[in-house]
Amino acid sequence: MSKRQGIGEPSVYHAVVVIFLEFFAWGLLTTPMLTVLHQTFPQHTFLMNGLIHGVKGLLSFLSAPLIGALSDVWGRKSFLLLTVFFTCAPIPLMKISPWYFAVISMSGVFAVTFSVIFAYVADITQEHERSTAYGLVSATFAASLVTSPAIGAYLSQAYGDTLVVVLASGVALLDIGFILLAVPESLPEEMRPVSWGAPISWEQADPFASLRKVGQDSTVLLICITVFLSYLPEAGQYSSFFLYLRQVIGFSSETVAAFIGVVGILSILAQTVVLGILMRSIGNKNTILLGLGFQILQLAWYGFGSQPWMMWAAGAVAAMSSITFPAISAMVSRNADPDQQGVVQGMITGIRGLCNGLGPALYGFVFYLFHVELNEMAEVETLGKASKPNMANPTDESSIIPGPPFLFGACSVLLSLLVALFIPEHNLTLRSGSHKKHNNGAQTHTHSPQAGASDGKEPLLEDSSV
């Protein structure tokens with residue numbers, strides 16, 4: 001283990017490439033995925049979409065803390081390889097297996113690449129650099145979606161879905177090869193066991209252990225509630241918004257692709273340039289609050305907006321709201337021990353995974369309650385023609401609220417903002433003296449004298465005012 005594998009020293013750029021390739025591959029499949037989903041479940045497209053996302057999200061919610069904790073022990077690289085491989089494994093099955101949607105649901109166990117990536121970044125950055133680094137990673141996620149859905153839609157229309165699936169599979173294989181050959185391990189060698197045979201206690205492997213710690217640490221509890229209430233509507237919006245633009249607002253396929261590209265570029269600027277300026281000028285907590293405020297405005301605008309120009313304006317606001325998650329991740333990382341970065345990032349990613357399951361189902365249910373039907377896939381596949389608003393009741397066309405789920409989402413984010421007001425910022429300090437040490441493959445923990453007094457109930461984040 002003395003020889004570091006990979007190209008160069010661990011860097012944020014390694015993490016950026018891994019994230020970009022994984023989500024670029026899935027972005028290519030946006031249109032083919034909707035097509036296959038509709039062909040498989042023509043009468044219950046959005047119901048089954050919500051169910052698939054629900055199972056996948058629940059599994060990632062349960063597995064994220066466990067995988068994060070194990071990466072704190074055995075290193076990040078192995079778990080990056082594991083999560084990317086199994087997350088992308090369903091891609092080539094899209095055209096050859098009737099069990100595709102079952103496989104994609106079960107892949108949620110490993111759909112937690114973000115938690116390992118954020119822990120990787122925390123290993124190699126200083127505290128003052130972390131928010132910028134997380135912003136860069138999140139911006140890369142946005143960048144991967146700037147062009148990939150449009151490319152996938154064009155190739156699908158011109159050459160068929162099979163070519164898109166083959167291309168996405170190739171990108172996924174490239175990502176796996178990059179991790180194997182180019183990504184160096186970021187976790188310091190002294191914090192890892194000598195071999196993979198080193199014993200791991202049940203407490204470390206228990207997926208519910210970190211969840212129990214949420215209730216023991218009020219700060220972690222507040223952060224998790226904030227993430228849940230703010231990401232729930234975002235996850236639901238992501239699953240249905242582009243279809244909503246096509247069928248209710250009347251965007252053409254080309255306009256939807258342009259919308260994705262513009263909002264993606266603005267999000268990249270927000271998460272790199274704007275985020276860094278805000279973190280230095282108004283602080284971590286106020287940046288989170290500002291991002292939540294932008295998200296409330298964005299969702300309210302989506303909910304009441306009935307004209308295309310309103311969607312474009314709200315999209316610009318949505319780009320600014322994208323600063324919230326990297327700011328939250330920076331706050332969590334800054335106040336957690338170096339040997340618990342995987343645990344806390346896994347916890348946050350797990351909450352997001354749960355939202356990825358519940359959000360689409362919630363939005364689909366609210367659309368159903370208000371008779372806004374988003375299941376006419378034939379209209380979506382017709383390029384160059386703007387769709388008319390697709391409402392079950394003709395009187396709904398003049399409805400005051402074209403997008404009811406977005407208003408429900410705005411209310412959820414408002415609650416999130418109220419919870420975030422109580423998150424302490426200045427009185428949180430990084431604990432020292434509680435780093436894991438490994439000797440001859442066995443784990444021993446060296447704690448500071450203060451930590452010894454609270455064995456078994458040690459909070460993940462420490463409040464220095466206590």
# chains A, B, ... in the order shown; residues from 1 in each chain; ligands from 1

$ residues_around --residues "A:Gly6" --least-positions-apart "3" --cutoff "9 Å" --atoms "only C-alpha atoms" --output "list in words"
Glu9, Pro10, Ile179, Leu180, Leu181, Ala182, Val183, Pro184 and Glu185 of chain A

$ residues_around --residues "A:Gly346" --least-positions-apart "2" --cutoff "9 Å" --atoms "only C-alpha atoms" --output "list in words"
Phe61, Ser63, Ala64, Pro65, Leu66, Ile67, Gly68, Ala69, Val112, Phe114, Ser115, Val116, Phe118, Ala119, Gln341, Gly342, Val343, Val344, Ile348, Thr349, Gly350 and Ile351 of chain A

$ write_last_selection --atoms "N, CA, C and O atoms" --output "CSV table (one decimal), in the first residue's frame"
chain,number,residue,atom,x,y,z
A,61,PHE,N,-31.3,5.4,0.4
A,61,PHE,CA,-31.4,6.0,1.7
A,61,PHE,C,-30.9,5.1,2.8
A,61,PHE,O,-30.2,5.5,3.7
A,63,SER,N,-28.7,2.5,2.2
A,63,SER,CA,-27.3,2.1,2.0
A,63,SER,C,-26.3,3.2,2.1
A,63,SER,O,-25.1,2.9,2.3
A,64,ALA,N,-26.7,4.5,1.8
A,64,ALA,CA,-25.7,5.6,1.7
A,64,ALA,C,-24.9,5.7,3.0
A,64,ALA,O,-23.6,5.8,2.9
A,65,PRO,N,-25.5,5.7,4.2
A,65,PRO,CA,-24.6,5.9,5.4
A,65,PRO,C,-23.7,4.7,5.6
A,65,PRO,O,-22.5,4.9,6.0
A,66,LEU,N,-24.1,3.5,5.2
A,66,LEU,CA,-23.3,2.3,5.4
A,66,LEU,C,-22.1,2.4,4.4
A,66,LEU,O,-20.9,2.2,4.8
A,67,ILE,N,-22.3,2.7,3.1
A,67,ILE,CA,-21.2,2.8,2.2
A,67,ILE,C,-20.3,3.9,2.5
A,67,ILE,O,-19.1,3.8,2.4
A,68,GLY,N,-20.8,5.0,3.0
A,68,GLY,CA,-20.0,6.1,3.4
A,68,GLY,C,-19.1,5.7,4.6
A,68,GLY,O,-17.9,6.1,4.6
A,69,ALA,N,-19.7,5.0,5.6
A,69,ALA,CA,-18.9,4.6,6.8
A,69,ALA,C,-17.8,3.6,6.4
A,69,ALA,O,-16.7,3.7,6.9
A,112,VAL,N,-25.1,5.9,-4.8
A,112,VAL,CA,-24.7,6.9,-3.7
A,112,VAL,C,-23.3,7.5,-4.1
A,112,VAL,O,-22.5,7.8,-3.1
A,114,PHE,N,-22.4,10.3,-5.0
A,114,PHE,CA,-22.1,11.6,-4.5
A,114,PHE,C,-21.6,11.6,-3.1
A,114,PHE,O,-20.7,12.4,-2.7
A,115,SER,N,-22.0,10.7,-2.2
A,115,SER,CA,-21.5,10.7,-0.8
A,115,SER,C,-20.1,10.3,-0.8
A,115,SER,O,-19.3,10.9,0.0
A,116,VAL,N,-19.6,9.4,-1.6
A,116,VAL,CA,-18.2,8.9,-1.7
A,116,VAL,C,-17.4,10.1,-2.3
A,116,VAL,O,-16.3,10.3,-1.9
A,118,PHE,N,-18.0,13.3,-2.3
A,118,PHE,CA,-17.8,14.4,-1.4
A,118,PHE,C,-16.9,14.1,-0.2
A,118,PHE,O,-16.1,14.9,0.2
A,119,ALA,N,-16.9,12.8,0.2
A,119,ALA,CA,-15.9,12.4,1.2
A,119,ALA,C,-14.5,12.4,0.6
A,119,ALA,O,-13.5,12.8,1.3
A,341,GLN,N,-16.1,11.7,7.5
A,341,GLN,CA,-16.6,12.4,6.3
A,341,GLN,C,-17.5,11.5,5.5
A,341,GLN,O,-18.6,11.9,5.0
A,342,GLY,N,-17.2,10.2,5.3
A,342,GLY,CA,-18.0,9.3,4.6
A,342,GLY,C,-19.4,9.1,5.2
A,342,GLY,O,-20.4,9.0,4.6
A,343,VAL,N,-19.4,9.0,6.6
A,343,VAL,CA,-20.6,8.8,7.3
A,343,VAL,C,-21.6,10.0,7.1
A,343,VAL,O,-22.7,9.8,6.8
A,344,VAL,N,-21.1,11.2,7.4
A,344,VAL,CA,-22.0,12.3,7.3
A,344,VAL,C,-22.4,12.6,5.9
A,344,VAL,O,-23.6,13.0,5.6
A,348,ILE,N,-26.4,12.6,4.3
A,348,ILE,CA,-27.0,13.6,3.5
A,348,ILE,C,-27.4,13.0,2.2
A,348,ILE,O,-28.6,13.2,1.7
A,349,THR,N,-26.6,12.2,1.6
A,349,THR,CA,-26.9,11.6,0.3
A,349,THR,C,-28.1,10.6,0.5
A,349,THR,O,-28.9,10.4,-0.4
A,350,GLY,N,-28.1,9.9,1.6
A,350,GLY,CA,-29.2,9.0,1.9
A,350,GLY,C,-30.6,9.7,2.0
A,350,GLY,O,-31.6,9.2,1.5
A,351,ILE,N,-30.6,10.9,2.6
A,351,ILE,CA,-31.8,11.7,2.7
A,351,ILE,C,-32.2,12.1,1.3
A,351,ILE,O,-33.4,12.1,0.9

$ closest_atom_pairs --of "stretch 144-196 of chain A" --to "stretch 242-266 of chain A" --cutoff "9 Å" --atoms "only C-alpha atoms" --output "CSV"
residue,atom,partner,partner_atom,distance
A:Ser144,CA,A:Gly264,CA,8.5
A:Leu145,CA,A:Gly264,CA,6.8
A:Val146,CA,A:Gly261,CA,4.2
A:Thr147,CA,A:Gly261,CA,6.2
A:Pro149,CA,A:Ala257,CA,7.0
A:Ala150,CA,A:Ala257,CA,5.2
A:Ile151,CA,A:Ala257,CA,8.9
A:Ala153,CA,A:Ser253,CA,8.6

$ write_last_selection --atoms "N, CA, C and O atoms" --output "short mmCIF file (atom, residue, chain, number, x, y, z; two decimals), in the first residue's frame"
data_model
loop_
_atom_site.label_atom_id
_atom_site.label_comp_id
_atom_site.auth_asym_id
_atom_site.auth_seq_id
_atom_site.Cartn_x
_atom_site.Cartn_y
_atom_site.Cartn_z
N SER A 144 -22.96 18.09 -16.85
CA SER A 144 -23.19 16.81 -17.53
C SER A 144 -24.58 16.74 -18.13
O SER A 144 -24.83 15.97 -19.07
N LEU A 145 -25.51 17.55 -17.60
CA LEU A 145 -26.88 17.55 -18.10
C LEU A 145 -27.15 18.71 -19.05
O LEU A 145 -28.28 18.89 -19.49
N VAL A 146 -26.14 19.53 -19.33
CA VAL A 146 -26.34 20.65 -20.24
C VAL A 146 -26.60 20.16 -21.65
O VAL A 146 -27.51 20.62 -22.35
N THR A 147 -25.81 19.18 -22.08
CA THR A 147 -25.90 18.73 -23.48
C THR A 147 -26.38 17.29 -23.63
O THR A 147 -26.94 16.94 -24.67
N PRO A 149 -28.92 15.32 -22.48
CA PRO A 149 -30.30 15.00 -22.88
C PRO A 149 -30.60 15.39 -24.33
O PRO A 149 -31.28 14.66 -25.06
N ALA A 150 -30.07 16.56 -24.74
CA ALA A 150 -30.30 17.01 -26.11
C ALA A 150 -29.60 16.08 -27.11
O ALA A 150 -30.17 15.72 -28.15
N ILE A 151 -28.36 15.67 -26.79
CA ILE A 151 -27.64 14.74 -27.67
C ILE A 151 -28.37 13.41 -27.76
O ILE A 151 -28.55 12.85 -28.84
N ALA A 153 -31.57 12.85 -27.22
CA ALA A 153 -32.84 13.01 -27.96
C ALA A 153 -32.60 13.05 -29.46
O ALA A 153 -33.34 12.43 -30.24
#

$ closest_residue --among "A:Gln298, A:Thr219, A:Gln157, A:Thr87" --to "A:Ser169" --atoms "only C-alpha atoms"
A:Thr87

$ closest_residue --among "A:Gly409, A:Pro233, A:Pro92, A:Gly357" --to "A:Leu167" --atoms "only C-alpha atoms"
A:Pro92

$ closest_residue --among "A:Ile91, A:Leu292, A:Ile323, A:Leu299" --to "A:Val166" --atoms "only C-alpha atoms"
A:Ile91

$ atom_distance --atom1 "atom CA of A:Ala313" --atom2 "atom CA of A:Ser416"
23.2 Å

$ residues_around --residues "A:Thr272" --least-positions-apart "5" --cutoff "9 Å" --atoms "only C-alpha atoms" --output "list of chain:residue names"
A:Thr132, A:Ala133, A:Tyr134, A:Gly135, A:Leu136, A:Ser138, A:Ala139, A:Ser267, A:Ile277, A:Ile323

$ residues_around --residues "A:Glu127" --least-positions-apart "3" --cutoff "12 Å" --atoms "only C-alpha atoms" --output "PDB file with C-alpha atoms, in the first residue's frame"
ATOM      1  CA  VAL A 121     -13.044  15.863  -1.836  1.00  0.00           C
ATOM      2  CA  ALA A 122     -13.053  16.406   1.944  1.00  0.00           C
ATOM      3  CA  ASP A 123      -9.956  14.191   2.246  1.00  0.00           C
ATOM      4  CA  ILE A 124      -7.901  16.376  -0.084  1.00  0.00           C
ATOM      5  CA  ARG A 130     -14.200  22.940   0.598  1.00  0.00           C
ATOM      6  CA  SER A 131     -17.251  24.995  -0.356  1.00  0.00           C
ATOM      7  CA  THR A 132     -15.624  25.964  -3.665  1.00  0.00           C
ATOM      8  CA  ALA A 133     -14.673  22.330  -4.317  1.00  0.00           C
ATOM      9  CA  TYR A 134     -18.179  21.089  -3.569  1.00  0.00           C
ATOM     10  CA  ASN A 284     -22.091  29.429   5.154  1.00  0.00           C
ATOM     11  CA  SER A 329     -22.361  19.766   2.224  1.00  0.00           C
ATOM     12  CA  ALA A 330     -19.583  22.247   3.019  1.00  0.00           C
ATOM     13  CA  MET A 331     -21.129  23.016   6.418  1.00  0.00           C
ATOM     14  CA  VAL A 332     -21.466  19.338   7.278  1.00  0.00           C
ATOM     15  CA  SER A 333     -17.953  18.497   6.079  1.00  0.00           C
ATOM     16  CA  ARG A 334     -16.377  21.444   7.875  1.00  0.00           C
ATOM     17  CA  ASN A 335     -17.790  20.350  11.222  1.00  0.00           C
ATOM     18  CA  ALA A 336     -17.204  16.593  11.015  1.00  0.00           C
ATOM     19  CA  ASP A 337     -14.103  14.620  11.929  1.00  0.00           C
ATOM     20  CA  PRO A 338     -11.803  13.557   9.068  1.00  0.00           C
ATOM     21  CA  THR A 429     -16.036  23.592  15.571  1.00  0.00           C
ATOM     22  CA  LEU A 430     -14.180  20.648  14.094  1.00  0.00           C
TER      23      LEU A 430
END

$ closest_residue --among "A:Val18, A:Ser71, A:Phe23, A:Cys355" --to "A:Ile225" --atoms "only C-alpha atoms"
A:Cys355

$ decode --residues "stretch 327-338 of chain A" --atoms "all heavy atoms" --output "PDB file, in the first residue's frame"
ATOM      1  N   ALA A 327     -23.503  24.205  -0.395  1.00  0.00           N
ATOM      2  CA  ALA A 327     -23.291  24.973   0.838  1.00  0.00           C
ATOM      3  C   ALA A 327     -23.589  24.121   2.064  1.00  0.00           C
ATOM      4  O   ALA A 327     -22.864  24.168   3.069  1.00  0.00           O
ATOM      5  CB  ALA A 327     -24.160  26.225   0.835  1.00  0.00           C
ATOM      6  N   ILE A 328     -24.658  23.308   1.993  1.00  0.00           N
ATOM      7  CA  ILE A 328     -24.977  22.406   3.103  1.00  0.00           C
ATOM      8  C   ILE A 328     -23.885  21.352   3.266  1.00  0.00           C
ATOM      9  O   ILE A 328     -23.441  21.052   4.386  1.00  0.00           O
ATOM     10  CB  ILE A 328     -26.340  21.733   2.867  1.00  0.00           C
ATOM     11  CG1 ILE A 328     -27.466  22.747   3.045  1.00  0.00           C
ATOM     12  CG2 ILE A 328     -26.544  20.557   3.830  1.00  0.00           C
ATOM     13  CD1 ILE A 328     -28.853  22.193   2.742  1.00  0.00           C
ATOM     14  N   SER A 329     -23.418  20.783   2.156  1.00  0.00           N
ATOM     15  CA  SER A 329     -22.361  19.766   2.224  1.00  0.00           C
ATOM     16  C   SER A 329     -21.080  20.343   2.807  1.00  0.00           C
ATOM     17  O   SER A 329     -20.368  19.671   3.563  1.00  0.00           O
ATOM     18  CB  SER A 329     -22.090  19.207   0.821  1.00  0.00           C
ATOM     19  OG  SER A 329     -23.215  18.539   0.315  1.00  0.00           O
ATOM     20  N   ALA A 330     -20.775  21.603   2.469  1.00  0.00           N
ATOM     21  CA  ALA A 330     -19.583  22.247   3.019  1.00  0.00           C
ATOM     22  C   ALA A 330     -19.716  22.444   4.520  1.00  0.00           C
ATOM     23  O   ALA A 330     -18.763  22.230   5.278  1.00  0.00           O
ATOM     24  CB  ALA A 330     -19.358  23.594   2.330  1.00  0.00           C
ATOM     25  N   MET A 331     -20.915  22.830   4.984  1.00  0.00           N
ATOM     26  CA  MET A 331     -21.129  23.016   6.418  1.00  0.00           C
ATOM     27  C   MET A 331     -20.972  21.697   7.171  1.00  0.00           C
ATOM     28  O   MET A 331     -20.309  21.637   8.218  1.00  0.00           O
ATOM     29  CB  MET A 331     -22.525  23.594   6.673  1.00  0.00           C
ATOM     30  CG  MET A 331     -22.903  23.648   8.149  1.00  0.00           C
ATOM     31  SD  MET A 331     -24.529  24.387   8.449  1.00  0.00           S
ATOM     32  CE  MET A 331     -24.099  26.123   8.385  1.00  0.00           C
ATOM     33  N   VAL A 332     -21.562  20.646   6.637  1.00  0.00           N
ATOM     34  CA  VAL A 332     -21.466  19.338   7.278  1.00  0.00           C
ATOM     35  C   VAL A 332     -20.026  18.858   7.310  1.00  0.00           C
ATOM     36  O   VAL A 332     -19.517  18.394   8.342  1.00  0.00           O
ATOM     37  CB  VAL A 332     -22.359  18.314   6.535  1.00  0.00           C
ATOM     38  CG1 VAL A 332     -22.086  16.907   7.015  1.00  0.00           C
ATOM     39  CG2 VAL A 332     -23.830  18.654   6.738  1.00  0.00           C
ATOM     40  N   SER A 333     -19.328  18.969   6.176  1.00  0.00           N
ATOM     41  CA  SER A 333     -17.953  18.497   6.079  1.00  0.00           C
ATOM     42  C   SER A 333     -17.022  19.283   6.997  1.00  0.00           C
ATOM     43  O   SER A 333     -16.143  18.720   7.645  1.00  0.00           O
ATOM     44  CB  SER A 333     -17.471  18.601   4.636  1.00  0.00           C
ATOM     45  OG  SER A 333     -16.128  18.235   4.527  1.00  0.00           O
ATOM     46  N   ARG A 334     -17.248  20.592   7.081  1.00  0.00           N
ATOM     47  CA  ARG A 334     -16.377  21.444   7.875  1.00  0.00           C
ATOM     48  C   ARG A 334     -16.443  21.093   9.361  1.00  0.00           C
ATOM     49  O   ARG A 334     -15.471  21.268  10.091  1.00  0.00           O
ATOM     50  CB  ARG A 334     -16.798  22.903   7.681  1.00  0.00           C
ATOM     51  CG  ARG A 334     -15.895  23.915   8.350  1.00  0.00           C
ATOM     52  CD  ARG A 334     -16.463  25.306   8.221  1.00  0.00           C
ATOM     53  NE  ARG A 334     -17.783  25.397   8.841  1.00  0.00           N
ATOM     54  CZ  ARG A 334     -18.517  26.503   8.846  1.00  0.00           C
ATOM     55  NH1 ARG A 334     -18.084  27.574   8.232  1.00  0.00           N
ATOM     56  NH2 ARG A 334     -19.683  26.510   9.436  1.00  0.00           N
ATOM     57  N   ASN A 335     -17.584  20.579   9.801  1.00  0.00           N
ATOM     58  CA  ASN A 335     -17.790  20.350  11.222  1.00  0.00           C
ATOM     59  C   ASN A 335     -17.760  18.875  11.614  1.00  0.00           C
ATOM     60  O   ASN A 335     -18.151  18.530  12.725  1.00  0.00           O
ATOM     61  CB  ASN A 335     -19.127  20.968  11.644  1.00  0.00           C
ATOM     62  CG  ASN A 335     -19.158  22.464  11.443  1.00  0.00           C
ATOM     63  OD1 ASN A 335     -18.418  23.188  12.076  1.00  0.00           O
ATOM     64  ND2 ASN A 335     -19.998  22.936  10.535  1.00  0.00           N
ATOM     65  N   ALA A 336     -17.304  18.018  10.717  1.00  0.00           N
ATOM     66  CA  ALA A 336     -17.204  16.593  11.015  1.00  0.00           C
ATOM     67  C   ALA A 336     -15.735  16.192  11.078  1.00  0.00           C
ATOM     68  O   ALA A 336     -14.878  16.813  10.455  1.00  0.00           O
ATOM     69  CB  ALA A 336     -17.929  15.779   9.953  1.00  0.00           C
ATOM     70  N   ASP A 337     -15.461  15.136  11.842  1.00  0.00           N
ATOM     71  CA  ASP A 337     -14.103  14.620  11.929  1.00  0.00           C
ATOM     72  C   ASP A 337     -13.634  14.092  10.576  1.00  0.00           C
ATOM     73  O   ASP A 337     -14.441  13.624   9.773  1.00  0.00           O
ATOM     74  CB  ASP A 337     -14.030  13.477  12.937  1.00  0.00           C
ATOM     75  CG  ASP A 337     -13.928  14.006  14.362  1.00  0.00           C
ATOM     76  OD1 ASP A 337     -13.567  15.182  14.529  1.00  0.00           O
ATOM     77  OD2 ASP A 337     -14.217  13.235  15.292  1.00  0.00           O
ATOM     78  N   PRO A 338     -12.327  14.126  10.315  1.00  0.00           N
ATOM     79  CA  PRO A 338     -11.803  13.557   9.068  1.00  0.00           C
ATOM     80  C   PRO A 338     -12.170  12.089   8.884  1.00  0.00           C
ATOM     81  O   PRO A 338     -12.351  11.637   7.764  1.00  0.00           O
ATOM     82  CB  PRO A 338     -10.287  13.736   9.217  1.00  0.00           C
ATOM     83  CG  PRO A 338     -10.138  14.915  10.116  1.00  0.00           C
ATOM     84  CD  PRO A 338     -11.272  14.822  11.094  1.00  0.00           C
TER      85      PRO A 338
END
